[in-house]
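Only one structure is covered here, and it is reproduced in the block below.
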Amino acid sequence: MPAPVQLEVPHEVTAPVVVGCSGGADSLALLALAVDNELAPIAVHVDHGLRPGSEREAGVVAEVAARLRAGFDARRVTVAGGPNLEARARTARYDALEAARAAHSATAVLVAHTADDQAETVLLNFLRGSGSAGLAGMPARRGRVVRPLLGARREDVRAECARRRLVPWEDPSNDDLSFRRNWIRHEVLPLLEQGAGRDLTPLLTRQADVLRAESDFLDALARGAWPGEGEARGRDLVALPDPLARRAVRCWLGPPPPALDEVEAVLAVARGERRAVDLAGGRRVRRSAGVLHAGVLG
């Protein structure tokens with residue numbers, strides 16, 4: 001029997017909230033649970049315009065929101081084709097969700113990541129070489145973004161959706177193995193579990209919890225040593241011990257966690273060995289008059 005699903009929401013998160021809602025089973029269940037918890041949710045659908053018929057997903061979300069007596073808001077973003085598409089789409093999506101949160105005076109943005117998503121994220125970040133911060137996975141809360149289903153299993157969340165007779169939109173791109181997360185979900189993680197003879201999601205999420213606590217502590221040290229605010233001088237950064245300098249770069253850049261070679265490239269810019277470097281997610285770091293500047297390409 002599926003386990004009951006409970007939202008883990010910080011006490012300071014009060015009505016109204018924005019719920020990032022793709023139309024999939026996880027986000028529809030999250031929307032229904034937010035209604036049950038009297039959080040007055042506004043379902044926000046973000047259309048990236050990356051495939052034909054994507055506007056139909058918004059219709060699914062609007063219909064469910066009306067049934068649940070929740071609010072609804074449709075947003076469209078433009079994401080050009082090219083490298084780092086997943087990372088750039090993610091950035092555009094979260095920007096749109098934050099804009100919706102501000103427009104509705106909501107206290108938080110709720111997103112429907114589960115424990116299984118966390119396990120996949122840990123493996124993704126391992127493959128990217130993103131260090132202990134990446135192996136810590138996704139935090140339950142970062143700023144205004146809250147993940148109240150991070151302790152729940154995907155199968156239980158989807159059973160909750162089915163129990164409520166909510167009909168989700170099945171995104172065909174979820175089966176496209178050219179996307180690395182799908183490859184990990186459908187091929188890598190099942191193969192690892194077969195070899196290990198056990199369910200690896202609890203193991204990976206526990207590891208993420210331990211590393212998250214350690215990472216938060218070390219991040220505080222790094223921010224204190226080099227906050228990266230105001231005049232973020234490169235010479236002050238490279239004067240730090242290497243482990244602290246690398247962590248300070250990761251804190252400064254924020255998510256998605258940069259890979260080790262990207263961190264080293266930023267440190268080369270800080271030392272004056274390079275003028276600028278382009279990073280995943282469409283980001284660029286440049287040096288001018290000894291000061292580091294981070295921005296978005298485009």
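Residues in the structure tokens are numbered from 1 in each chain, the chains being A, B, ... in the order shown, and ligands are numbered from 1 in the order shown.
When the distance limit is 6 Å and only C-alpha atoms are what count, the residues near Gly129 of chain A, minus those fewer than 3 positions from it on the same chain, are Phe126, Ala259 and Leu260 of chain A.
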Do you know which residues are at most 9 Å from Val64 of chain A counting only C-alpha atoms, after dropping those on the same chain fewer than 6 positions away, and could you put them as a PDB file with N, CA, C and O atoms, in the first residue's frame?
ATOM      1  N   GLY A  23       1.971  19.932 -15.075  1.00  0.00           N
ATOM      2  CA  GLY A  23       0.889  19.069 -15.543  1.00  0.00           C
ATOM      3  C   GLY A  23       1.198  17.611 -15.318  1.00  0.00           C
ATOM      4  O   GLY A  23       0.331  16.757 -15.535  1.00  0.00           O
ATOM      5  N   LEU A  28       0.863  17.882  -9.954  1.00  0.00           N
ATOM      6  CA  LEU A  28      -0.580  17.918  -9.695  1.00  0.00           C
ATOM      7  C   LEU A  28      -0.874  17.457  -8.268  1.00  0.00           C
ATOM      8  O   LEU A  28      -1.726  18.039  -7.578  1.00  0.00           O
ATOM      9  N   LEU A  31      -0.007  20.267  -5.943  1.00  0.00           N
ATOM     10  CA  LEU A  31      -1.044  21.301  -5.957  1.00  0.00           C
ATOM     11  C   LEU A  31      -2.216  20.894  -5.075  1.00  0.00           C
ATOM     12  O   LEU A  31      -2.707  21.702  -4.266  1.00  0.00           O
ATOM     13  N   ALA A  32      -2.675  19.650  -5.200  1.00  0.00           N
ATOM     14  CA  ALA A  32      -3.802  19.185  -4.396  1.00  0.00           C
ATOM     15  C   ALA A  32      -3.460  19.195  -2.904  1.00  0.00           C
ATOM     16  O   ALA A  32      -4.283  19.602  -2.066  1.00  0.00           O
ATOM     17  N   ALA A  70      -8.056  26.193  -6.966  1.00  0.00           N
ATOM     18  CA  ALA A  70      -6.763  26.870  -6.823  1.00  0.00           C
ATOM     19  C   ALA A  70      -6.648  27.939  -7.901  1.00  0.00           C
ATOM     20  O   ALA A  70      -7.388  27.927  -8.894  1.00  0.00           O
ATOM     21  N   LEU A 166      -6.787  12.530 -10.508  1.00  0.00           N
ATOM     22  CA  LEU A 166      -6.230  13.621 -11.299  1.00  0.00           C
ATOM     23  C   LEU A 166      -5.505  13.002 -12.487  1.00  0.00           C
ATOM     24  O   LEU A 166      -4.676  12.098 -12.320  1.00  0.00           O
ATOM     25  N   VAL A 167      -5.815  13.467 -13.670  1.00  0.00           N
ATOM     26  CA  VAL A 167      -5.234  12.892 -14.882  1.00  0.00           C
ATOM     27  C   VAL A 167      -4.066  13.769 -15.333  1.00  0.00           C
ATOM     28  O   VAL A 167      -4.263  14.891 -15.810  1.00  0.00           O
TER      29      VAL A 167
END
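Pairwise distance (atom CA of Ala3 of chain A, atom CA of Val111 of chain A) equals 19.9 Å.
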Which of A:Glu98, A:Asp47, A:Glu155, A:Glu63 sits closest to Val5 of chain A [using only C-alpha atoms]: A:Glu155
Backbone DSSP call of alpha helix (DSSP H) for segment 18-236 of chain A, listed as a VMD selection string: chain A and resid 25 to 36 55 to 68 85 to 103 115 to 128 131 to 135 154 to 163 180 to 183 189 to 196 201 to 225 234 to 236
Å distance separating atom CA of Arg75 of chain A from atom CA of Thr14 of chain A, one decimal place: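 It comes out at 23.0 Å.
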Can you pull out the residues contacting Thr107 of chain A? Cut-off 10 Å, using only C-alpha atoms, and skip same-chain residues under 3 positions away; I want them as an mmCIF file with N, CA, C and O atoms, in the first residue's frame.
data_model
loop_
_atom_site.group_PDB
_atom_site.id
_atom_site.type_symbol
_atom_site.label_atom_id
_atom_site.label_comp_id
_atom_site.auth_asym_id
_atom_site.auth_seq_id
_atom_site.Cartn_x
_atom_site.Cartn_y
_atom_site.Cartn_z
ATOM 1 N N GLU A 12 7.148 29.322 8.358
ATOM 2 C CA GLU A 12 7.029 30.699 7.874
ATOM 3 C C GLU A 12 6.420 30.778 6.477
ATOM 4 O O GLU A 12 6.129 31.880 5.984
ATOM 5 N N VAL A 13 6.244 29.636 5.829
ATOM 6 C CA VAL A 13 5.592 29.620 4.521
ATOM 7 C C VAL A 13 4.085 29.564 4.746
ATOM 8 O O VAL A 13 3.543 28.572 5.224
ATOM 9 N N THR A 14 3.419 30.648 4.412
ATOM 10 C CA THR A 14 1.983 30.768 4.636
ATOM 11 C C THR A 14 1.297 31.134 3.322
ATOM 12 O O THR A 14 1.949 31.470 2.325
ATOM 13 N N ALA A 15 -0.023 31.065 3.332
ATOM 14 C CA ALA A 15 -0.797 31.396 2.138
ATOM 15 C C ALA A 15 -0.630 32.877 1.783
ATOM 16 O O ALA A 15 -0.513 33.725 2.671
ATOM 17 N N PRO A 16 -0.598 33.142 0.451
ATOM 18 C CA PRO A 16 -0.636 32.217 -0.680
ATOM 19 C C PRO A 16 0.762 31.752 -1.064
ATOM 20 O O PRO A 16 1.758 32.366 -0.697
ATOM 21 N N VAL A 17 0.796 30.655 -1.828
ATOM 22 C CA VAL A 17 2.050 30.166 -2.375
ATOM 23 C C VAL A 17 1.872 29.941 -3.873
ATOM 24 O O VAL A 17 0.749 29.788 -4.362
ATOM 25 N N VAL A 18 2.977 29.933 -4.584
ATOM 26 C CA VAL A 18 2.994 29.556 -5.995
ATOM 27 C C VAL A 18 3.449 28.106 -6.072
ATOM 28 O O VAL A 18 4.392 27.705 -5.369
ATOM 29 N N LEU A 39 -2.974 26.454 1.821
ATOM 30 C CA LEU A 39 -1.912 27.374 1.423
ATOM 31 C C LEU A 39 -2.326 28.279 0.268
ATOM 32 O O LEU A 39 -1.505 29.051 -0.237
ATOM 33 N N ARG A 101 5.657 34.573 -8.368
ATOM 34 C CA ARG A 101 5.559 34.712 -6.908
ATOM 35 C C ARG A 101 5.430 36.175 -6.507
ATOM 36 O O ARG A 101 4.579 36.549 -5.685
ATOM 37 N N ALA A 102 6.268 37.017 -7.099
ATOM 38 C CA ALA A 102 6.218 38.444 -6.779
ATOM 39 C C ALA A 102 4.890 39.060 -7.221
ATOM 40 O O ALA A 102 4.292 39.865 -6.494
ATOM 41 N N HIS A 104 2.007 37.697 -7.438
ATOM 42 C CA HIS A 104 0.884 37.245 -6.600
ATOM 43 C C HIS A 104 1.129 37.481 -5.110
ATOM 44 O O HIS A 104 0.315 37.046 -4.281
ATOM 45 N N LEU A 110 6.667 26.583 -4.455
ATOM 46 C CA LEU A 110 6.760 25.159 -4.151
ATOM 47 C C LEU A 110 7.001 24.377 -5.441
ATOM 48 O O LEU A 110 6.318 24.613 -6.443
ATOM 49 N N ARG A 144 13.434 31.480 -1.777
ATOM 50 C CA ARG A 144 11.976 31.373 -1.844
ATOM 51 C C ARG A 144 11.500 30.032 -2.392
ATOM 52 O O ARG A 144 10.297 29.757 -2.405
ATOM 53 N N VAL A 145 12.422 29.200 -2.856
ATOM 54 C CA VAL A 145 12.045 27.917 -3.458
ATOM 55 C C VAL A 145 12.023 26.843 -2.375
ATOM 56 O O VAL A 145 13.012 26.633 -1.670
#
